[in-house]
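Peer 1: Just data_9.pdb, nothing more (PDB, C-alpha atoms):
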MODEL        1
ATOM      1  CA  MET A   1      -2.588 -11.934  15.285  1.00  0.00           C
ATOM      2  CA  THR A   2       0.395 -10.162  13.720  1.00  0.00           C
ATOM      3  CA  GLY A   3       0.189  -6.389  13.723  1.00  0.00           C
ATOM      4  CA  TYR A   4       1.142  -4.308  10.708  1.00  0.00           C
ATOM      5  CA  LYS A   5       1.595  -0.590  11.211  1.00  0.00           C
ATOM      6  CA  ARG A   6       0.086   1.967   8.907  1.00  0.00           C
ATOM      7  CA  GLY A   7       2.591   2.548   6.100  1.00  0.00           C
ATOM      8  CA  ALA A   8       3.956  -1.001   6.163  1.00  0.00           C
ATOM      9  CA  ILE A   9       4.762  -2.336   2.707  1.00  0.00           C
ATOM     10  CA  VAL A  10       3.607  -5.925   2.616  1.00  0.00           C
ATOM     11  CA  LEU A  11       3.508  -8.706   0.057  1.00  0.00           C
ATOM     12  CA  LEU A  12       0.094 -10.351  -0.204  1.00  0.00           C
ATOM     13  CA  PRO A  13      -2.439 -11.720  -2.700  1.00  0.00           C
ATOM     14  CA  PHE A  14      -3.915  -8.396  -3.824  1.00  0.00           C
ATOM     15  CA  PRO A  15      -7.634  -8.546  -4.624  1.00  0.00           C
ATOM     16  CA  PHE A  16      -8.829  -7.214  -7.990  1.00  0.00           C
ATOM     17  CA  SER A  17     -12.367  -6.135  -8.899  1.00  0.00           C
ATOM     18  CA  ASP A  18     -12.892  -9.284 -11.008  1.00  0.00           C
ATOM     19  CA  GLN A  19     -12.332 -11.365  -7.828  1.00  0.00           C
ATOM     20  CA  SER A  20      -8.895 -12.558  -9.002  1.00  0.00           C
ATOM     21  CA  HIS A  21      -5.741 -12.166  -6.909  1.00  0.00           C
ATOM     22  CA  LYS A  22      -2.080 -11.618  -7.688  1.00  0.00           C
ATOM     23  CA  ILE A  23       0.837 -11.628  -5.234  1.00  0.00           C
ATOM     24  CA  ARG A  24       2.073  -8.053  -5.155  1.00  0.00           C
ATOM     25  CA  PRO A  25       3.285  -5.347  -2.806  1.00  0.00           C
ATOM     26  CA  ALA A  26       0.787  -3.065  -1.116  1.00  0.00           C
ATOM     27  CA  VAL A  27       0.864  -0.338   1.517  1.00  0.00           C
ATOM     28  CA  VAL A  28      -1.194  -0.748   4.685  1.00  0.00           C
ATOM     29  CA  VAL A  29      -3.482   2.265   5.147  1.00  0.00           C
ATOM     30  CA  SER A  30      -5.527   0.877   8.053  1.00  0.00           C
ATOM     31  CA  PRO A  31      -5.103   2.695  11.331  1.00  0.00           C
ATOM     32  CA  ASP A  32      -3.624   0.714  14.209  1.00  0.00           C
ATOM     33  CA  TYR A  33      -6.682  -0.998  15.699  1.00  0.00           C
ATOM     34  CA  PRO A  34      -7.510  -4.608  16.470  1.00  0.00           C
ATOM     35  CA  SER A  35      -8.785  -6.287  13.312  1.00  0.00           C
ATOM     36  CA  ASP A  36      -8.016  -9.382  11.285  1.00  0.00           C
ATOM     37  CA  ASP A  37      -8.251  -7.365   8.041  1.00  0.00           C
ATOM     38  CA  LEU A  38      -6.020  -4.757   6.452  1.00  0.00           C
ATOM     39  CA  LEU A  39      -7.046  -1.923   4.158  1.00  0.00           C
ATOM     40  CA  VAL A  40      -4.291  -1.679   1.565  1.00  0.00           C
ATOM     41  CA  VAL A  41      -3.438   0.259  -1.594  1.00  0.00           C
ATOM     42  CA  ALA A  42      -1.564  -1.291  -4.473  1.00  0.00           C
ATOM     43  CA  VAL A  43       2.041  -0.481  -5.232  1.00  0.00           C
ATOM     44  CA  THR A  44       3.381  -0.785  -8.759  1.00  0.00           C
ATOM     45  CA  SER A  45       6.511   0.022 -10.731  1.00  0.00           C
ATOM     46  CA  VAL A  46       6.817   3.648 -11.737  1.00  0.00           C
ATOM     47  CA  GLY A  47       4.832   4.307 -14.888  1.00  0.00           C
ATOM     48  CA  GLU A  48       4.979   7.155 -17.350  1.00  0.00           C
ATOM     49  CA  VAL A  49       1.709   8.800 -16.307  1.00  0.00           C
ATOM     50  CA  LEU A  50       0.466   9.257 -12.763  1.00  0.00           C
ATOM     51  CA  ARG A  51      -3.267   9.544 -12.144  1.00  0.00           C
ATOM     52  CA  PRO A  52      -4.622  12.091  -9.628  1.00  0.00           C
ATOM     53  CA  GLY A  53      -3.436  11.194  -6.139  1.00  0.00           C
ATOM     54  CA  GLU A  54      -0.852   8.650  -7.276  1.00  0.00           C
ATOM     55  CA  PHE A  55       2.679   9.377  -6.149  1.00  0.00           C
ATOM     56  CA  ALA A  56       6.162   7.932  -6.364  1.00  0.00           C
ATOM     57  CA  ILE A  57       7.514   6.579  -3.098  1.00  0.00           C
ATOM     58  CA  GLN A  58      10.432   8.925  -2.465  1.00  0.00           C
ATOM     59  CA  PHE A  59      12.370   6.742  -0.044  1.00  0.00           C
ATOM     60  CA  TRP A  60      11.816   3.415  -1.800  1.00  0.00           C
ATOM     61  CA  ARG A  61      15.235   2.062  -0.846  1.00  0.00           C
ATOM     62  CA  GLU A  62      14.563   2.697   2.831  1.00  0.00           C
ATOM     63  CA  ALA A  63      11.152   1.054   2.359  1.00  0.00           C
ATOM     64  CA  ARG A  64      13.108  -1.990   1.116  1.00  0.00           C
ATOM     65  CA  THR A  65      11.503  -2.242  -2.291  1.00  0.00           C
ATOM     66  CA  ASP A  66      13.553  -3.514  -5.235  1.00  0.00           C
ATOM     67  CA  SER A  67      12.965  -0.481  -7.426  1.00  0.00           C
ATOM     68  CA  SER A  68      11.093   2.790  -7.413  1.00  0.00           C
ATOM     69  CA  PHE A  69       7.386   2.317  -6.870  1.00  0.00           C
ATOM     70  CA  VAL A  70       4.176   4.314  -7.088  1.00  0.00           C
ATOM     71  CA  CYS A  71       1.196   4.103  -4.772  1.00  0.00           C
ATOM     72  CA  GLU A  72      -1.748   3.754  -7.113  1.00  0.00           C
ATOM     73  CA  THR A  73      -5.491   4.206  -6.826  1.00  0.00           C
ATOM     74  CA  ARG A  74      -6.412   0.530  -6.421  1.00  0.00           C
ATOM     75  CA  SER A  75      -7.402  -0.345  -2.891  1.00  0.00           C
ATOM     76  CA  GLY A  76      -8.645  -3.517  -1.255  1.00  0.00           C
ATOM     77  CA  PHE A  77      -9.000  -5.498   1.925  1.00  0.00           C
ATOM     78  CA  GLY A  78      -6.823  -8.447   2.813  1.00  0.00           C
ATOM     79  CA  ALA A  79      -6.731 -10.710   5.827  1.00  0.00           C
ATOM     80  CA  LYS A  80      -3.597 -10.251   7.924  1.00  0.00           C
ATOM     81  CA  ASN A  81      -2.905 -13.973   7.777  1.00  0.00           C
ATOM     82  CA  LEU A  82      -2.547 -13.717   3.958  1.00  0.00           C
ATOM     83  CA  VAL A  83       0.494 -11.426   4.219  1.00  0.00           C
ATOM     84  CA  ARG A  84       3.506 -13.337   2.906  1.00  0.00           C
ATOM     85  CA  LYS A  85       6.030 -10.927   4.411  1.00  0.00           C
ATOM     86  CA  GLN A  86       6.652  -7.307   5.288  1.00  0.00           C
ATOM     87  CA  LEU A  87       9.031  -5.644   2.858  1.00  0.00           C
ATOM     88  CA  GLY A  88       9.540  -2.367   4.678  1.00  0.00           C
ATOM     89  CA  GLN A  89       7.944   0.771   6.072  1.00  0.00           C
ATOM     90  CA  LEU A  90       7.165   4.153   4.504  1.00  0.00           C
ATOM     91  CA  ARG A  91       8.932   7.179   5.913  1.00  0.00           C
ATOM     92  CA  GLU A  92       6.895  10.007   7.407  1.00  0.00           C
ATOM     93  CA  SER A  93       7.169  12.176   4.269  1.00  0.00           C
ATOM     94  CA  ASP A  94       5.770   9.350   2.131  1.00  0.00           C
ATOM     95  CA  LEU A  95       3.006   8.759   4.696  1.00  0.00           C
ATOM     96  CA  GLU A  96       2.032  12.424   4.323  1.00  0.00           C
ATOM     97  CA  LYS A  97       1.765  11.897   0.548  1.00  0.00           C
ATOM     98  CA  LEU A  98      -0.350   8.815   1.211  1.00  0.00           C
ATOM     99  CA  ASP A  99      -2.712  10.833   3.429  1.00  0.00           C
ATOM    100  CA  ALA A 100      -3.100  13.453   0.676  1.00  0.00           C
ATOM    101  CA  ALA A 101      -3.713  10.699  -1.890  1.00  0.00           C
ATOM    102  CA  LEU A 102      -6.427   9.102   0.259  1.00  0.00           C
ATOM    103  CA  GLU A 103      -8.183  12.466   0.486  1.00  0.00           C
ATOM    104  CA  VAL A 104      -8.226  12.678  -3.325  1.00  0.00           C
ATOM    105  CA  TRP A 105      -9.205   9.045  -3.922  1.00  0.00           C
ATOM    106  CA  PHE A 106     -11.952   8.885  -1.330  1.00  0.00           C
ATOM    107  CA  GLY A 107     -13.118  12.527  -1.468  1.00  0.00           C
ATOM    108  CA  LEU A 108     -12.319  13.182   2.185  1.00  0.00           C
TER     109      LEU A 108
ENDMDL
END
Let me see the structure of the file written as structure tokens.
Peer 2:
Amino acid sequence: MTGYKRGAIVLLPFPFSDQSHKIRPAVVVSPDYPSDDLLVVAVTSVGEVLRPGEFAIQFWREARTDSSFVCETRSGFGAKNLVRKQLGQLRESDLEKLDAALEVWFGL
């Protein structure tokens, strides 16, 4: 089993609510514990309007993404063996934004 740290940006078939999938980047939000599944949030190109909790990844170059990206409200589970590759890793400051976003999205 390959381990992916919290904050890893991975490329995988992202699950949508209509049961379809599309290969896209996502950020791992699962804590580091033994599991075959990952809890992930979708990453998308920067849009004009951010919804509550969404945020631009500040250090997107260091995270090895091709352009600036936003963590958005869509979340899902994916099996670790479906990950096509790891693109990069969020910096600590972006992880702090992710934690704040999760509090908003999940009412924590």
Peer 1: CA of Gln86 (chain A) to CA of Ile9 (chain A): how many Å, to one decimal?
Peer 2: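 Separating CA of Gln86 (chain A) from CA of Ile9 (chain A) is a distance of 5.9 Å.
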Peer 1: So, with only C-alpha atoms as the atoms that count, which of A:Ile57, A:Val40, A:Val104, A:Leu12 lies closest to Arg91 (chain A)?
Peer 2: A:Ile57
Peer 1: With distances taken over all atoms listed in the file, which residue among A:Ala8, A:Val83, A:Leu108, A:Leu102 lies nearest Ile23 (chain A)?
Peer 2: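 Among the listed residues, the smallest separation from Ile23 (chain A) belongs to A:Val83.
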Peer 1: Find the residues around Arg6 (chain A) up to 8 Å (all atoms listed in the file counted), leave out those fewer than 4 positions away in its own chain, and share them as an MDAnalysis selection string.
Peer 2: chainID A and resid 27:32
Peer 1: Using only C-alpha atoms, can you tell me which of A:Thr73, A:Gln19, A:Asn81, A:Gln58 comes closest to Asp36 (chain A)?
Peer 2: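 Closest to Asp36 (chain A), using only C-alpha atoms: A:Asn81.
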Peer 1: With all atoms listed in the file as the atoms that count, which of A:Gly53, A:Gln89, A:Ala26, A:His21 lies nearest to Leu38 (chain A)?
Peer 2: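 Result for the nearest residue to Leu38 (chain A): A:Ala26.
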Peer 1: Here is a test: counting only C-alpha atoms, which residue of A:Val49, A:Lys80, A:Ala42, A:Ser17 is nearest to Gly3 (chain A)?
Peer 2: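 The closest residue to Gly3 (chain A) is A:Lys80.
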Peer 1: So, with all atoms listed in the file as the atoms that count, which of A:Phe14, A:Arg24, A:Tyr33, A:Phe77 lies closest to Ser45 (chain A)?
Peer 2: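 Selected residue with least distance to Ser45 (chain A): A:Arg24.
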Peer 1: Any chance you could work out the residue set of the PyMOL selection byres ((chain A and resi 98) around 9) here, as a PyMOL selection string?
Peer 2: chain A and resi 7+29+53-55+71+93-97+99-103
Peer 1: Work out how far CA of Tyr4 (chain A) is from CA of Lys85 (chain A), in Å to one decimal.
Peer 2: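 Computing the Euclidean distance for CA of Lys85 (chain A) and CA of Tyr4 (chain A) yields 10.4 Å.
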Peer 1: Using CA of Arg51 (chain A) and CA of Pro25 (chain A) as the two end points, give the distance in Å to one decimal.
Peer 2: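 It comes out at 18.8 Å.
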Peer 1: Restricted to N, CA and C atoms, what does region 11-58 of chain A look like when written out as a PDB file, in the first residue's frame?
Peer 2:
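The file below, result.pdb, is the result:
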ATOM      1  N   LEU A  11      -3.280  12.952  -8.644  1.00  0.00           N
ATOM      2  CA  LEU A  11      -4.114  12.875  -9.838  1.00  0.00           C
ATOM      3  C   LEU A  11      -4.849  11.537  -9.778  1.00  0.00           C
ATOM      4  N   LEU A  12      -6.186  11.591  -9.771  1.00  0.00           N
ATOM      5  CA  LEU A  12      -6.970  10.376  -9.662  1.00  0.00           C
ATOM      6  C   LEU A  12      -8.341  10.567 -10.297  1.00  0.00           C
ATOM      7  N   PRO A  13      -9.067   9.472 -10.561  1.00  0.00           N
ATOM      8  CA  PRO A  13     -10.434   9.614 -11.056  1.00  0.00           C
ATOM      9  C   PRO A  13     -11.299  10.159  -9.916  1.00  0.00           C
ATOM     10  N   PHE A  14     -11.667  11.429 -10.007  1.00  0.00           N
ATOM     11  CA  PHE A  14     -12.408  12.074  -8.926  1.00  0.00           C
ATOM     12  C   PHE A  14     -13.877  11.705  -9.032  1.00  0.00           C
ATOM     13  N   PRO A  15     -14.474  11.244  -7.931  1.00  0.00           N
ATOM     14  CA  PRO A  15     -15.881  10.847  -7.963  1.00  0.00           C
ATOM     15  C   PRO A  15     -16.816  12.057  -7.870  1.00  0.00           C
ATOM     16  N   PHE A  16     -17.846  12.064  -8.699  1.00  0.00           N
ATOM     17  CA  PHE A  16     -18.871  13.107  -8.662  1.00  0.00           C
ATOM     18  C   PHE A  16     -20.165  12.519  -8.106  1.00  0.00           C
ATOM     19  N   SER A  17     -21.075  13.388  -7.665  1.00  0.00           N
ATOM     20  CA  SER A  17     -22.306  12.930  -7.026  1.00  0.00           C
ATOM     21  C   SER A  17     -23.192  12.104  -7.956  1.00  0.00           C
ATOM     22  N   ASP A  18     -23.049  12.261  -9.273  1.00  0.00           N
ATOM     23  CA  ASP A  18     -23.853  11.463 -10.204  1.00  0.00           C
ATOM     24  C   ASP A  18     -23.197  10.114 -10.513  1.00  0.00           C
ATOM     25  N   GLN A  19     -22.200   9.735  -9.735  1.00  0.00           N
ATOM     26  CA  GLN A  19     -21.459   8.480  -9.852  1.00  0.00           C
ATOM     27  C   GLN A  19     -20.491   8.439 -11.030  1.00  0.00           C
ATOM     28  N   SER A  20     -20.310   9.561 -11.737  1.00  0.00           N
ATOM     29  CA  SER A  20     -19.323   9.619 -12.811  1.00  0.00           C
ATOM     30  C   SER A  20     -17.953   9.956 -12.204  1.00  0.00           C
ATOM     31  N   HIS A  21     -16.920   9.823 -13.012  1.00  0.00           N
ATOM     32  CA  HIS A  21     -15.558  10.117 -12.576  1.00  0.00           C
ATOM     33  C   HIS A  21     -14.849  10.879 -13.677  1.00  0.00           C
ATOM     34  N   LYS A  22     -13.906  11.726 -13.279  1.00  0.00           N
ATOM     35  CA  LYS A  22     -13.072  12.442 -14.227  1.00  0.00           C
ATOM     36  C   LYS A  22     -11.672  12.513 -13.625  1.00  0.00           C
ATOM     37  N   ILE A  23     -10.651  12.261 -14.435  1.00  0.00           N
ATOM     38  CA  ILE A  23      -9.272  12.355 -13.936  1.00  0.00           C
ATOM     39  C   ILE A  23      -8.977  13.822 -13.665  1.00  0.00           C
ATOM     40  N   ARG A  24      -8.641  14.111 -12.414  1.00  0.00           N
ATOM     41  CA  ARG A  24      -8.356  15.492 -12.030  1.00  0.00           C
ATOM     42  C   ARG A  24      -7.510  15.532 -10.768  1.00  0.00           C
ATOM     43  N   PRO A  25      -6.883  16.675 -10.514  1.00  0.00           N
ATOM     44  CA  PRO A  25      -6.096  16.786  -9.286  1.00  0.00           C
ATOM     45  C   PRO A  25      -7.003  16.947  -8.064  1.00  0.00           C
ATOM     46  N   ALA A  26      -6.503  16.465  -6.948  1.00  0.00           N
ATOM     47  CA  ALA A  26      -7.209  16.578  -5.678  1.00  0.00           C
ATOM     48  C   ALA A  26      -6.175  16.634  -4.563  1.00  0.00           C
ATOM     49  N   VAL A  27      -6.577  17.192  -3.438  1.00  0.00           N
ATOM     50  CA  VAL A  27      -5.702  17.271  -2.268  1.00  0.00           C
ATOM     51  C   VAL A  27      -6.153  16.233  -1.253  1.00  0.00           C
ATOM     52  N   VAL A  28      -5.208  15.466  -0.745  1.00  0.00           N
ATOM     53  CA  VAL A  28      -5.495  14.463   0.283  1.00  0.00           C
ATOM     54  C   VAL A  28      -5.726  15.183   1.602  1.00  0.00           C
ATOM     55  N   VAL A  29      -6.892  14.931   2.223  1.00  0.00           N
ATOM     56  CA  VAL A  29      -7.185  15.528   3.528  1.00  0.00           C
ATOM     57  C   VAL A  29      -7.220  14.480   4.634  1.00  0.00           C
ATOM     58  N   SER A  30      -7.106  13.208   4.265  1.00  0.00           N
ATOM     59  CA  SER A  30      -7.085  12.131   5.263  1.00  0.00           C
ATOM     60  C   SER A  30      -5.880  12.289   6.174  1.00  0.00           C
ATOM     61  N   PRO A  31      -6.061  11.991   7.451  1.00  0.00           N
ATOM     62  CA  PRO A  31      -4.886  11.951   8.322  1.00  0.00           C
ATOM     63  C   PRO A  31      -4.045  10.733   7.958  1.00  0.00           C
ATOM     64  N   ASP A  32      -2.817  10.706   8.440  1.00  0.00           N
ATOM     65  CA  ASP A  32      -1.930   9.578   8.169  1.00  0.00           C
ATOM     66  C   ASP A  32      -2.317   8.404   9.069  1.00  0.00           C
ATOM     67  N   TYR A  33      -3.119   7.491   8.528  1.00  0.00           N
ATOM     68  CA  TYR A  33      -3.467   6.262   9.235  1.00  0.00           C
ATOM     69  C   TYR A  33      -3.645   5.162   8.207  1.00  0.00           C
ATOM     70  N   PRO A  34      -3.473   3.920   8.624  1.00  0.00           N
ATOM     71  CA  PRO A  34      -3.555   2.823   7.661  1.00  0.00           C
ATOM     72  C   PRO A  34      -4.969   2.670   7.095  1.00  0.00           C
ATOM     73  N   SER A  35      -5.105   2.866   5.812  1.00  0.00           N
ATOM     74  CA  SER A  35      -6.376   2.693   5.125  1.00  0.00           C
ATOM     75  C   SER A  35      -6.091   2.558   3.636  1.00  0.00           C
ATOM     76  N   ASP A  36      -6.969   1.875   2.942  1.00  0.00           N
ATOM     77  CA  ASP A  36      -6.831   1.758   1.492  1.00  0.00           C
ATOM     78  C   ASP A  36      -7.522   2.904   0.772  1.00  0.00           C
ATOM     79  N   ASP A  37      -8.254   3.753   1.511  1.00  0.00           N
ATOM     80  CA  ASP A  37      -8.997   4.861   0.922  1.00  0.00           C
ATOM     81  C   ASP A  37      -8.420   6.200   1.335  1.00  0.00           C
ATOM     82  N   LEU A  38      -8.638   7.184   0.471  1.00  0.00           N
ATOM     83  CA  LEU A  38      -8.218   8.557   0.735  1.00  0.00           C
ATOM     84  C   LEU A  38      -9.437   9.460   0.731  1.00  0.00           C
ATOM     85  N   LEU A  39      -9.512  10.371   1.673  1.00  0.00           N
ATOM     86  CA  LEU A  39     -10.496  11.449   1.628  1.00  0.00           C
ATOM     87  C   LEU A  39      -9.802  12.597   0.913  1.00  0.00           C
ATOM     88  N   VAL A  40     -10.422  13.083  -0.154  1.00  0.00           N
ATOM     89  CA  VAL A  40      -9.797  14.120  -0.970  1.00  0.00           C
ATOM     90  C   VAL A  40     -10.778  15.257  -1.221  1.00  0.00           C
ATOM     91  N   VAL A  41     -10.222  16.440  -1.523  1.00  0.00           N
ATOM     92  CA  VAL A  41     -11.029  17.568  -1.996  1.00  0.00           C
ATOM     93  C   VAL A  41     -10.529  17.942  -3.379  1.00  0.00           C
ATOM     94  N   ALA A  42     -11.462  18.352  -4.207  1.00  0.00           N
ATOM     95  CA  ALA A  42     -11.145  18.686  -5.593  1.00  0.00           C
ATOM     96  C   ALA A  42     -10.314  19.953  -5.675  1.00  0.00           C
ATOM     97  N   VAL A  43      -9.507  19.996  -6.717  1.00  0.00           N
ATOM     98  CA  VAL A  43      -8.702  21.174  -7.035  1.00  0.00           C
ATOM     99  C   VAL A  43      -9.081  21.577  -8.448  1.00  0.00           C
ATOM    100  N   THR A  44      -9.282  22.862  -8.660  1.00  0.00           N
ATOM    101  CA  THR A  44      -9.675  23.341  -9.982  1.00  0.00           C
ATOM    102  C   THR A  44      -8.915  24.612 -10.314  1.00  0.00           C
ATOM    103  N   SER A  45      -8.949  24.993 -11.566  1.00  0.00           N
ATOM    104  CA  SER A  45      -8.329  26.262 -11.977  1.00  0.00           C
ATOM    105  C   SER A  45      -9.005  27.412 -11.244  1.00  0.00           C
ATOM    106  N   VAL A  46      -8.269  28.470 -11.032  1.00  0.00           N
ATOM    107  CA  VAL A  46      -8.803  29.622 -10.321  1.00  0.00           C
ATOM    108  C   VAL A  46      -9.983  30.201 -11.097  1.00  0.00           C
ATOM    109  N   GLY A  47     -11.092  30.345 -10.409  1.00  0.00           N
ATOM    110  CA  GLY A  47     -12.281  30.941 -11.003  1.00  0.00           C
ATOM    111  C   GLY A  47     -12.437  32.385 -10.560  1.00  0.00           C
ATOM    112  N   GLU A  48     -13.478  33.005 -11.043  1.00  0.00           N
ATOM    113  CA  GLU A  48     -13.709  34.414 -10.697  1.00  0.00           C
ATOM    114  C   GLU A  48     -14.274  34.573  -9.296  1.00  0.00           C
ATOM    115  N   VAL A  49     -15.127  33.633  -8.875  1.00  0.00           N
ATOM    116  CA  VAL A  49     -15.804  33.750  -7.589  1.00  0.00           C
ATOM    117  C   VAL A  49     -15.470  32.540  -6.731  1.00  0.00           C
ATOM    118  N   LEU A  50     -15.025  32.807  -5.520  1.00  0.00           N
ATOM    119  CA  LEU A  50     -14.748  31.728  -4.571  1.00  0.00           C
ATOM    120  C   LEU A  50     -15.937  31.585  -3.632  1.00  0.00           C
ATOM    121  N   ARG A  51     -16.358  30.347  -3.394  1.00  0.00           N
ATOM    122  CA  ARG A  51     -17.416  30.081  -2.433  1.00  0.00           C
ATOM    123  C   ARG A  51     -16.814  30.043  -1.029  1.00  0.00           C
ATOM    124  N   PRO A  52     -17.658  30.142   0.016  1.00  0.00           N
ATOM    125  CA  PRO A  52     -17.130  30.110   1.385  1.00  0.00           C
ATOM    126  C   PRO A  52     -16.232  28.894   1.613  1.00  0.00           C
ATOM    127  N   GLY A  53     -15.058  29.157   2.151  1.00  0.00           N
ATOM    128  CA  GLY A  53     -14.091  28.107   2.452  1.00  0.00           C
ATOM    129  C   GLY A  53     -13.123  27.814   1.322  1.00  0.00           C
ATOM    130  N   GLU A  54     -13.491  28.120   0.083  1.00  0.00           N
ATOM    131  CA  GLU A  54     -12.574  27.866  -1.023  1.00  0.00           C
ATOM    132  C   GLU A  54     -11.414  28.849  -0.953  1.00  0.00           C
ATOM    133  N   PHE A  55     -10.253  28.408  -1.387  1.00  0.00           N
ATOM    134  CA  PHE A  55      -9.082  29.276  -1.322  1.00  0.00           C
ATOM    135  C   PHE A  55      -8.108  28.934  -2.439  1.00  0.00           C
ATOM    136  N   ALA A  56      -7.386  29.953  -2.875  1.00  0.00           N
ATOM    137  CA  ALA A  56      -6.338  29.744  -3.874  1.00  0.00           C
ATOM    138  C   ALA A  56      -5.123  29.140  -3.191  1.00  0.00           C
ATOM    139  N   ILE A  57      -4.517  28.167  -3.835  1.00  0.00           N
ATOM    140  CA  ILE A  57      -3.279  27.586  -3.316  1.00  0.00           C
ATOM    141  C   ILE A  57      -2.175  28.604  -3.564  1.00  0.00           C
ATOM    142  N   GLN A  58      -1.612  29.135  -2.487  1.00  0.00           N
ATOM    143  CA  GLN A  58      -0.632  30.209  -2.588  1.00  0.00           C
ATOM    144  C   GLN A  58       0.654  29.731  -3.257  1.00  0.00           C
TER     145      GLN A  58
END
